[in-house]
Structure formats: structure tokens, C-alpha cells
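Next comes run.pdb, with PDB, C-alpha atoms.
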```
ATOM      1  CA  CYS A   1       6.891 -13.996  -2.387
ATOM      2  CA  ASP A   2       9.498 -11.547  -3.625
ATOM      3  CA  GLY A   3       7.269  -8.491  -3.466
ATOM      4  CA  ARG A   4       6.621  -8.493  -7.189
ATOM      5  CA  LYS A   5       3.883 -11.110  -7.334
ATOM      6  CA  PHE A   6       1.186 -11.724  -4.788
ATOM      7  CA  PRO A   7       0.834 -15.500  -4.222
ATOM      8  CA  ASP A   8      -2.392 -17.087  -5.423
ATOM      9  CA  VAL A   9      -4.115 -17.970  -2.169
ATOM     10  CA  GLY A  10      -7.721 -17.995  -3.363
ATOM     11  CA  LEU A  11     -10.271 -15.343  -2.539
ATOM     12  CA  LEU A  12      -9.363 -12.918   0.211
ATOM     13  CA  ARG A  13     -11.594 -11.037   2.598
ATOM     14  CA  PHE A  14      -8.854  -8.930   4.164
ATOM     15  CA  THR A  15      -5.187  -8.172   3.454
ATOM     16  CA  TYR A  16      -2.788  -6.383   5.784
ATOM     17  CA  SER A  17       0.705  -5.173   4.929
ATOM     18  CA  THR A  18       3.202  -3.101   6.857
ATOM     19  CA  LEU A  19       6.686  -1.815   6.086
ATOM     20  CA  MET A  20       6.831  -3.159   2.568
ATOM     21  CA  PHE A  21       5.641  -0.899  -0.230
ATOM     22  CA  GLN A  22       8.307   1.777   0.210
ATOM     23  CA  HIS A  23      10.978  -0.917  -0.198
ATOM     24  CA  ILE A  24      10.016  -2.028  -3.703
ATOM     25  CA  PRO A  25       9.819  -0.022  -6.938
ATOM     26  CA  ARG A  26       6.616   1.972  -7.384
ATOM     27  CA  THR A  27       5.599  -0.067 -10.437
ATOM     28  CA  ALA A  28       5.978  -3.276  -8.427
ATOM     29  CA  ALA A  29       3.981  -1.829  -5.517
ATOM     30  CA  ALA A  30       1.165  -0.756  -7.846
ATOM     31  CA  ASP A  31       1.127  -4.175  -9.516
ATOM     32  CA  TYR A  32       1.100  -5.891  -6.129
ATOM     33  CA  ILE A  33      -1.962  -3.886  -5.047
ATOM     34  CA  LYS A  34      -3.650  -4.729  -8.351
ATOM     35  CA  GLN A  35      -2.961  -8.434  -7.836
ATOM     36  CA  ILE A  36      -4.387  -8.253  -4.314
ATOM     37  CA  GLY A  37      -7.501  -6.670  -5.825
ATOM     38  CA  GLU A  38      -7.837  -9.524  -8.295
ATOM     39  CA  GLN A  39      -8.041 -11.992  -5.393
ATOM     40  CA  THR A  40     -10.163  -9.941  -2.996
ATOM     41  CA  VAL A  41     -13.915 -10.441  -2.701
ATOM     42  CA  SER A  42     -16.267  -7.507  -3.153
ATOM     43  CA  ARG A  43     -16.328  -5.339   0.003
ATOM     44  CA  GLY A  44     -13.118  -7.049   1.168
ATOM     45  CA  GLY A  45     -10.552  -4.890   2.914
ATOM     46  CA  LEU A  46      -6.961  -3.831   2.331
ATOM     47  CA  LEU A  47      -5.015  -2.109   5.099
ATOM     48  CA  PHE A  48      -1.435  -1.117   4.463
ATOM     49  CA  GLN A  49       1.242   1.234   5.665
ATOM     50  CA  THR A  50       3.975   2.951   3.730
ATOM     51  CA  LEU A  51       6.342   5.873   4.159
ATOM     52  CA  GLU A  52       5.259   9.018   2.366
ATOM     53  CA  GLY A  53       7.527  11.415   0.588
ATOM     54  CA  THR A  54      10.597  11.660  -1.550
ATOM     55  CA  GLY A  55      13.216  11.355   1.130
ATOM     56  CA  GLY A  56      15.711   9.631  -1.137
ATOM     57  CA  ASP A  57      16.826   7.408   1.714
ATOM     58  CA  PHE A  58      17.876   3.815   1.089
ATOM     59  CA  LEU A  59      14.939   1.815  -0.286
ATOM     60  CA  TRP A  60      12.525   4.718  -0.051
ATOM     61  CA  ASN A  61      10.599   4.726  -3.296
ATOM     62  CA  GLU A  62       8.685   8.003  -3.293
ATOM     63  CA  MET A  63       5.247   6.966  -2.125
ATOM     64  CA  THR A  64       2.710   9.797  -2.282
ATOM     65  CA  GLU A  65      -0.993  10.070  -1.569
ATOM     66  CA  ASP A  66      -1.713  10.412  -5.299
ATOM     67  CA  PHE A  67       0.269   7.246  -6.058
ATOM     68  CA  VAL A  68      -1.535   5.327  -3.302
ATOM     69  CA  ARG A  69      -4.963   6.421  -4.539
ATOM     70  CA  GLU A  70      -4.129   5.586  -8.172
ATOM     71  CA  ALA A  71      -2.714   2.164  -7.262
ATOM     72  CA  CYS A  72      -5.770   1.344  -5.151
ATOM     73  CA  ALA A  73      -8.148   2.442  -7.916
ATOM     74  CA  ALA A  74      -6.301   0.219 -10.417
ATOM     75  CA  GLY A  75      -6.855  -2.682  -8.006
ATOM     76  CA  ASP A  76     -10.575  -1.852  -7.854
ATOM     77  CA  PHE A  77     -10.263  -0.506  -4.305
ATOM     78  CA  ASP A  78     -11.746   2.687  -2.885
ATOM     79  CA  VAL A  79      -9.605   4.419  -0.260
ATOM     80  CA  VAL A  80     -11.941   4.970   2.687
ATOM     81  CA  GLU A  81      -9.411   6.265   5.202
ATOM     82  CA  LEU A  82      -5.957   7.744   4.951
ATOM     83  CA  GLU A  83      -4.074   8.648   8.117
ATOM     84  CA  ARG A  84      -0.713  10.361   8.399
ATOM     85  CA  VAL A  85       1.359   9.692  11.499
ATOM     86  CA  LYS A  86       4.564  11.469  12.447
ATOM     87  CA  PRO A  87       6.636   9.010  14.472
ATOM     88  CA  ASN A  88       8.804  10.301  17.260
ATOM     89  CA  THR A  89      12.063  10.161  15.323
ATOM     90  CA  ALA A  90      14.757  12.615  14.378
ATOM     91  CA  ASP A  91      14.206  12.184  10.636
ATOM     92  CA  ASN A  92      11.429  13.694   8.577
ATOM     93  CA  VAL A  93       9.326  10.570   8.018
ATOM     94  CA  THR A  94       5.566  10.485   7.613
ATOM     95  CA  VAL A  95       3.875   7.134   7.988
ATOM     96  CA  LEU A  96       0.829   6.746   5.768
ATOM     97  CA  TRP A  97      -1.834   4.243   6.864
ATOM     98  CA  VAL A  98      -4.298   3.386   4.101
ATOM     99  CA  THR A  99      -7.612   1.576   4.495
ATOM    100  CA  ALA A 100      -9.295   0.556   1.252
ATOM    101  CA  VAL A 101     -12.369  -1.482   0.363
ATOM    102  CA  LYS A 102     -12.835  -3.569  -2.787
ATOM    103  CA  ARG A 103     -15.632  -2.322  -5.026
TER     104      ARG A 103
END
```
Take the structure in this file and express it as C-alpha cells.
Amino acid sequence: CDGRKFPDVGLLRFTYSTLMFQHIPRTAAADYIKQIGEQTVSRGGLLFQTLEGTGGDFLWNEMTEDFVREACAAGDFDVVELERVKPNTADNVTVLWVTAVKR
């Protein structure tokens, strides 16, 4: 999987991803979430983490709450929880944990 196409693994009940979406273009991330939605059963879960903001750092592709919500909706997911975490680092990074449920 190169991050642009979710492998066809049959119907999913739960998908978990960490440290990936900020490293691929926004259009690819949105398409990836949509493809996960196509393979997820109704009421199945999606939990993922991304870095929020427009830091402009290497491989940081401007993830925002609005983008996350729009991408989830396009995948037929409802965001049920969104948590921001400030890690104990010197940079200005916000980690965004997203929990979504398939409609």
C-alpha cells in the first residue's frame, strides 16, 4: 500500500491509522478515508491520528479539523470524537485524534 489506495481486504469492522495522513497529499488522504468507508460495515469504526495545522514542515500537509470532517463525511463516516493533544515537544505541533463511525 503506497498510501494512495487502500488494499481490498473485504469488509472491515474497525480501522486504525497513526502517523500517516499528514505525510501524504490532502487529496490522497481524503481518497484513502473514502476507500476505507467503502469497505467498512455500517457502525464500523475508524480511529486515526494526524498532525493539525499549517506548519509547513517536511511532509506536513495542512490537516485541519474542517478537512478531517469533510473527508470523513465523504467516506460516509460521522466524527463522534475529536481530541487535540499537545505533545511535550519544543515545536508547535498539535496531534489530532479522530474517532469516526460508519453510517
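The two atoms in question, CA of Thr27 (chain A) and CA of Thr94 (chain A), are spaced 20.9 Å apart.
This file, queried with the PyMOL selection byres ((chain A and resi 40-52) around 6), gives the residues A:Leu11, A:Leu12, A:Arg13, A:Phe14, A:Thr15, A:Tyr16, A:Ser17, A:Thr18, A:Leu19, A:Phe21, A:Gln22, A:Gly37, A:Glu38, A:Gln39, A:Gly53, A:Met63, A:Thr64, A:Thr94, A:Val95, A:Leu96, A:Trp97, A:Val98, A:Thr99, A:Ala100, A:Val101, A:Lys102, A:Arg103.
Of the listed residues (A:Asp8, A:Gln35, A:Asn92, A:Lys86), A:Gln35 comes nearest to Cys72 (chain A); the distances count all atoms listed in the file.
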task: For CA of Phe67 (chain A) and CA of Ile33 (chain A), determine how far apart the two atoms are, in Å to one decimal place.
output: 11.4 Å
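Distance check against Ile24 (chain A) using all atoms listed in the file: of A:Ala74, A:Arg69, A:Arg84, A:Glu62, the minimum falls on A:Glu62.
Taking CA of Gly10 (chain A) and CA of Pro25 (chain A) as the two end points, the separation is 25.4 Å.
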query: Which of these residues is nearest to Gly75 (chain A), using all atoms listed in the file: A:Val93, A:Asn88, A:His23, A:Asp31?
result: A:Asp31
